[in-house]
>>> print(open('work_32.cif').read())   # mmCIF, C-alpha atoms
data_query
#
loop_
_atom_site.label_atom_id
_atom_site.label_comp_id
_atom_site.auth_asym_id
_atom_site.auth_seq_id
_atom_site.Cartn_x
_atom_site.Cartn_y
_atom_site.Cartn_z
CA ARG I 1 8.50 -21.33 13.58
CA ARG I 2 5.46 -19.47 12.20
CA THR I 3 3.87 -20.82 9.05
CA SER I 4 3.06 -18.01 6.64
CA HIS I 5 -0.57 -18.73 5.76
CA PHE I 6 -1.48 -17.53 2.29
CA ALA I 7 -5.22 -17.68 2.85
CA LEU I 8 -5.77 -16.26 6.31
CA ARG I 9 -8.83 -14.44 4.99
CA THR I 10 -9.89 -16.91 2.34
CA LEU I 11 -13.51 -15.74 2.18
CA HIS I 12 -12.58 -12.09 2.06
CA PHE I 13 -11.21 -12.15 -1.49
CA PRO I 14 -8.00 -10.36 -0.49
CA VAL I 15 -5.84 -8.70 -3.10
CA SER I 16 -2.47 -10.33 -2.83
CA TYR I 17 -0.05 -9.37 -5.60
CA LEU I 18 2.03 -6.44 -6.71
CA ASP I 19 4.28 -6.36 -9.77
CA HIS I 20 7.41 -4.34 -9.28
CA ILE I 21 9.81 -3.67 -12.13
CA HIS I 22 11.98 -0.62 -11.64
CA ALA I 23 13.58 0.97 -14.69
CA CYS I 24 17.35 0.81 -15.03
CA ASN I 25 17.58 -1.39 -11.94
CA ARG I 26 17.19 1.63 -9.64
CA TRP I 27 15.31 -0.29 -6.99
CA ASP I 28 14.33 1.02 -3.59
CA PRO I 29 12.45 -1.04 -0.96
CA ALA I 30 10.63 2.14 0.01
CA ASP I 31 8.76 1.81 -3.29
CA PHE I 32 6.78 -1.02 -1.71
CA LEU I 33 5.77 0.79 1.44
CA PRO I 34 2.82 2.90 0.22
CA PHE I 35 1.23 -0.26 -1.16
CA ALA I 36 2.10 -2.27 1.92
CA VAL I 37 0.70 0.30 4.36
CA ALA I 38 -2.51 0.68 2.37
CA GLY I 39 -2.82 -3.05 1.90
CA GLU I 40 -2.14 -3.86 5.54
CA ARG I 41 -5.00 -1.59 6.56
CA LEU I 42 -7.37 -3.06 3.98
CA GLY I 43 -6.54 -6.74 4.37
CA LEU I 44 -3.75 -7.24 1.83
CA GLU I 45 -1.91 -10.46 2.60
CA ARG I 46 1.06 -10.66 0.24
CA LEU I 47 3.35 -8.49 -1.83
CA VAL I 48 5.28 -10.21 -4.58
CA PRO I 49 8.61 -8.87 -5.86
CA LEU I 50 9.40 -10.12 -9.36
CA LEU I 51 12.71 -11.94 -9.70
CA GLY I 52 14.95 -13.72 -12.19
CA GLN I 53 13.38 -13.83 -15.64
CA PHE I 54 10.70 -11.43 -14.41
CA GLY I 55 13.15 -8.57 -14.20
CA GLY I 56 14.58 -8.62 -10.67
CA GLU I 57 17.17 -10.32 -8.50
CA LEU I 58 17.31 -12.06 -5.16
CA GLY I 59 18.60 -8.98 -3.42
CA HIS I 60 15.37 -7.18 -4.31
CA LEU I 61 13.41 -9.84 -2.47
CA GLU I 62 15.66 -9.60 0.58
CA ARG I 63 15.30 -5.83 0.82
CA ALA I 64 11.56 -5.92 0.15
CA ALA I 65 10.99 -8.62 2.76
CA ALA I 66 12.96 -6.61 5.33
CA ALA I 67 11.02 -3.45 4.53
CA LEU I 68 7.67 -5.24 4.77
CA ALA I 69 8.43 -7.28 7.90
CA PRO I 70 7.35 -4.56 10.39
CA LEU I 71 3.94 -4.55 8.70
CA ARG I 72 3.71 -8.34 8.87
CA VAL I 73 3.16 -8.48 5.10
CA PRO I 74 5.13 -11.45 3.72
CA ALA I 75 6.83 -11.34 0.34
CA MET I 76 6.66 -14.18 -2.18
CA ARG I 77 9.38 -15.17 -4.60
CA LYS I 78 7.85 -15.13 -8.09
CA ASP I 79 10.45 -16.74 -10.26
CA PHE I 80 11.07 -19.79 -12.42
CA LEU I 81 11.84 -22.25 -9.63
CA LEU I 82 13.23 -25.65 -10.56
CA ASP I 83 15.06 -26.89 -7.48
CA PRO I 84 14.40 -26.96 -3.71
CA TYR I 85 17.66 -25.06 -3.28
CA GLN I 86 15.87 -22.02 -4.71
CA VAL I 87 13.18 -22.37 -2.04
CA SER I 88 15.87 -22.28 0.63
CA GLU I 89 17.36 -19.20 -1.06
CA ALA I 90 13.98 -17.51 -0.88
CA ARG I 91 13.53 -18.35 2.78
CA LEU I 92 17.00 -17.03 3.63
CA ALA I 93 16.07 -13.83 1.80
CA GLY I 94 13.03 -13.48 4.06
CA ALA I 95 10.26 -14.73 1.76
CA GLY I 96 7.11 -16.26 3.20
CA GLY I 97 6.27 -18.20 0.07
CA VAL I 98 7.20 -19.15 -3.48
CA LEU I 99 5.57 -19.68 -6.87
CA ALA I 100 5.64 -23.10 -8.56
CA ILE I 101 4.66 -23.15 -12.25
CA ALA I 102 3.10 -26.52 -13.04
CA ARG I 103 3.88 -26.38 -16.76
CA MET I 104 7.61 -26.26 -16.04
CA LEU I 105 7.74 -29.18 -13.59
CA ASP I 106 6.76 -32.82 -13.45
CA ASP I 107 4.92 -34.14 -10.40
CA GLY I 108 8.11 -35.23 -8.68
CA ALA I 109 9.72 -31.82 -9.06
CA LEU I 110 6.55 -30.05 -7.91
CA ARG I 111 6.35 -32.25 -4.84
CA ALA I 112 10.00 -31.59 -4.03
CA LEU I 113 9.38 -27.81 -4.07
CA ILE I 114 6.25 -28.19 -1.95
CA ASP I 115 7.95 -30.43 0.61
CA SER I 116 10.87 -28.03 0.89
CA ALA I 117 8.63 -24.98 1.32
CA LEU I 118 6.29 -26.55 3.85
CA GLY I 119 9.28 -27.81 5.81
CA LEU I 120 10.50 -24.22 6.03
CA GLY I 121 7.12 -22.87 7.10
CA MET I 122 6.33 -21.30 3.71
CA PHE I 123 3.34 -21.34 1.38
CA VAL I 124 3.43 -22.38 -2.28
CA LEU I 125 1.26 -20.82 -4.96
CA LEU I 126 0.83 -23.47 -7.66
CA GLU I 127 0.23 -21.88 -11.04
CA ALA I 128 -1.80 -23.51 -13.82
CA PHE I 129 -2.56 -22.30 -17.32
CA ASP I 130 -5.46 -24.56 -18.28
CA VAL I 131 -8.06 -26.92 -16.86
CA ALA I 132 -5.85 -29.99 -17.22
CA GLU I 133 -3.17 -28.34 -15.09
CA ILE I 134 -5.76 -27.26 -12.52
CA GLU I 135 -6.85 -30.89 -12.19
CA ARG I 136 -3.26 -32.11 -11.98
CA CYS I 137 -2.32 -29.61 -9.27
CA ALA I 138 -5.53 -30.26 -7.35
CA ASP I 139 -4.72 -33.96 -7.26
CA LEU I 140 -1.30 -33.12 -5.85
CA ILE I 141 -2.73 -30.73 -3.26
CA SER I 142 -5.16 -33.43 -2.12
CA THR I 143 -2.19 -35.44 -0.86
CA TYR I 144 -1.45 -32.63 1.65
CA PRO I 145 -4.79 -32.42 3.49
CA GLU I 146 -3.33 -30.58 6.48
CA HIS I 147 -1.69 -27.93 4.33
CA ARG I 148 -4.36 -26.94 1.82
CA ARG I 149 -4.49 -23.38 3.10
CA ASN I 150 -0.79 -23.07 2.36
CA LEU I 151 -1.16 -24.53 -1.14
CA PRO I 152 -3.38 -22.12 -3.08
CA LEU I 153 -3.95 -22.93 -6.74
CA GLY I 154 -4.01 -20.17 -9.32
CA LEU I 155 -5.05 -19.94 -12.95
CA ASN I 156 -2.95 -17.52 -14.98
CA CYS I 157 -5.18 -16.02 -17.65
CA ARG I 158 -2.27 -15.02 -19.87
CA ASP I 159 -2.20 -16.75 -23.26
CA LEU I 160 1.22 -18.39 -23.50
CA GLN I 161 1.28 -18.11 -27.29
CA THR I 162 0.43 -14.41 -27.60
CA LEU I 163 1.33 -13.37 -24.01
CA GLN I 164 -1.90 -11.37 -24.00
CA ILE I 165 -4.19 -11.40 -20.96
CA ASP I 166 -7.52 -13.08 -21.64
CA PRO I 167 -9.83 -12.58 -18.63
CA ALA I 168 -12.42 -14.90 -20.18
CA ARG I 169 -10.11 -17.81 -19.34
CA LEU I 170 -10.77 -17.18 -15.63
CA ASP I 171 -14.53 -17.32 -16.15
CA ALA I 172 -14.38 -20.46 -18.28
CA ALA I 173 -12.15 -22.42 -15.87
CA ALA I 174 -13.76 -21.39 -12.57
CA GLY I 175 -15.76 -24.61 -12.31
CA ALA I 176 -12.63 -26.76 -12.59
CA PHE I 177 -11.42 -25.98 -9.06
CA PRO I 178 -12.48 -28.76 -6.66
CA ARG I 179 -14.21 -27.95 -3.41
CA GLY I 180 -11.75 -27.22 -0.64
CA ILE I 181 -9.10 -25.76 -2.95
CA VAL I 182 -8.09 -22.13 -2.43
CA ALA I 183 -8.72 -20.77 -5.94
CA VAL I 184 -6.67 -17.80 -7.13
CA ALA I 185 -7.47 -15.56 -10.10
CA GLU I 186 -4.14 -14.52 -11.60
CA SER I 187 -4.07 -11.32 -13.63
CA GLY I 188 -6.96 -9.94 -15.64
CA LEU I 189 -8.42 -7.90 -12.73
CA PHE I 190 -8.45 -4.16 -13.21
CA ASN I 191 -11.43 -2.78 -11.27
CA ALA I 192 -14.17 -3.53 -8.77
CA ALA I 193 -16.41 -5.07 -11.41
CA ASP I 194 -13.72 -7.66 -12.20
CA ALA I 195 -13.33 -8.49 -8.51
CA ARG I 196 -17.09 -8.82 -8.08
CA ARG I 197 -17.44 -11.08 -11.12
CA LEU I 198 -14.59 -13.43 -10.22
CA ALA I 199 -15.50 -13.63 -6.54
CA GLY I 200 -18.96 -14.60 -7.71
CA HIS I 201 -17.39 -17.42 -9.72
CA GLY I 202 -15.79 -18.77 -6.53
CA TYR I 203 -12.27 -17.33 -6.67
CA GLN I 204 -11.06 -16.64 -3.15
CA LEU I 205 -7.84 -14.77 -3.82
CA ALA I 206 -6.58 -12.55 -6.61
CA LEU I 207 -3.17 -11.63 -7.96
CA ILE I 208 -3.21 -8.04 -9.13
CA GLY I 209 -0.21 -6.19 -10.51
CA THR I 210 -0.64 -3.87 -13.47
CA ALA I 211 -3.79 -2.19 -12.15
CA LEU I 212 -2.08 -1.22 -8.88
CA MET I 213 1.00 0.09 -10.61
CA GLN I 214 -0.92 2.19 -13.12
CA THR I 215 -3.43 3.86 -10.81
CA ASP I 216 -2.74 7.13 -9.03
CA ASP I 217 -4.50 5.89 -5.89
CA ALA I 218 -3.67 2.26 -5.15
CA ALA I 219 -5.34 2.39 -1.73
CA ALA I 220 -8.66 3.50 -3.22
CA LEU I 221 -8.52 0.82 -5.90
CA LEU I 222 -7.68 -1.84 -3.33
CA ARG I 223 -10.59 -0.72 -1.17
CA GLU I 224 -13.04 -0.80 -4.08
CA MET I 225 -11.94 -4.24 -5.23
CA LEU I 226 -11.95 -5.72 -1.75
CA GLU I 227 -15.40 -4.36 -0.97
CA ALA I 228 -16.77 -5.63 -4.28
CA GLY I 229 -15.22 -9.07 -3.89
CA ARG I 230 -16.38 -9.48 -0.31
CA ALA I 231 -19.90 -8.35 -1.16
CA ALA I 232 -20.05 -10.92 -3.96
CA ARG I 233 -19.10 -13.60 -1.45
CA GLY I 234 -21.87 -12.61 0.92
CA GLY I 235 -19.80 -10.22 2.99
CA ALA I 236 -17.69 -13.06 4.45
#
>>> encode(input="work_32.cif", output="structure tokens")
Amino acid sequence: RRTSHFALRTLHFPVSYLDHIHACNRWDPADFLPFAVAGERLGLERLVPLLGQFGGELGHLERAAAALAPLRVPAMRKDFLLDPYQVSEARLAGAGGVLAIARMLDDGALRALIDSALGLGMFVLLEAFDVAEIERCADLISTYPEHRRNLPLGLNCRDLQTLQIDPARLDAAAGAFPRGIVAVAESGLFNAADARRLAGHGYQLALIGTALMQTDDAAALLREMLEAGRAARGGA
């Protein structure tokens, strides 16, 4: 059984996220392929179909995972997960990892999702919305010393009250990530300058959706952001 490492190129600041919401539910796995091919060549590690409350369904994940498998680009289930059963659903659908939103779950529920995912050879992206949640998740990750690379910790810079993206939240919270944690900048990255700035703050991975969906040349944008992020981290 192959564990799907989230951070295979931790120091390379890989772009690792793609929103996909298709109007009127006319979904085609081929929609992912231009991004997957470009990303596979440039170092992209994950594509993330949106599910459940995010506007998709489990079948989308299954078809996306099957379409991406030949490129060895795992899909992640980005959904409101509450029960380990949903982790098993994701694995059966072909996912390599899942999202766990700290604000929705107590420590026991978070640990249950993590244990289930790791047992199935999957990664878990833990999502925080403030410094207190970063600290809480980091404490939990520290109890899995052999699996830290499969337990990245992200800060979502979306304001939960207004639902607006506030990139300054990523800058302000960067110092809260303990050493040894794979820090993920979630949302708020739109160009190479953003990638350079956040990589300089110590973020190792980035979740990027809107920017890739709105550009006419996703491959060029990916290349620019990757080069900028890697340069900021000393070319690692």
>>> resolve_selection(input="work_32.cif", expression="the PyMOL selection byres ((chain I and resi 142) around 12)", output="PyMOL selection string")
chain I and resi 111+135-141+143-149+151-153+177-182
>>> atom_distance(input="work_32.cif", atom1="atom CA of Leu189 of chain I", atom2="atom CA of His201 of chain I")
13.4 Å
>>> atom_distance(input="work_32.cif", atom1="atom CA of Asp171 of chain I", atom2="atom CA of Arg230 of chain I")
17.8 Å
>>> atom_distance(input="work_32.cif", atom1="atom CA of Phe129 of chain I", atom2="atom CA of Tyr203 of chain I")
15.2 Å
>>> resolve_selection(input="work_32.cif", expression="the PyMOL selection byres ((chain I and resi 61-69) around 6)", output="JSON, numbers by chain")
{"I": [29, 49, 58, 59, 60, 70, 71, 72, 73, 75, 93, 94]}
>>> resolve_selection(input="work_32.cif", expression="the PyMOL selection byres ((chain I and resi 98-106) around 8)", output="PyMOL selection string")
chain I and resi 76-82+87+90+95-97+107-110+113+117+122-129+133+137
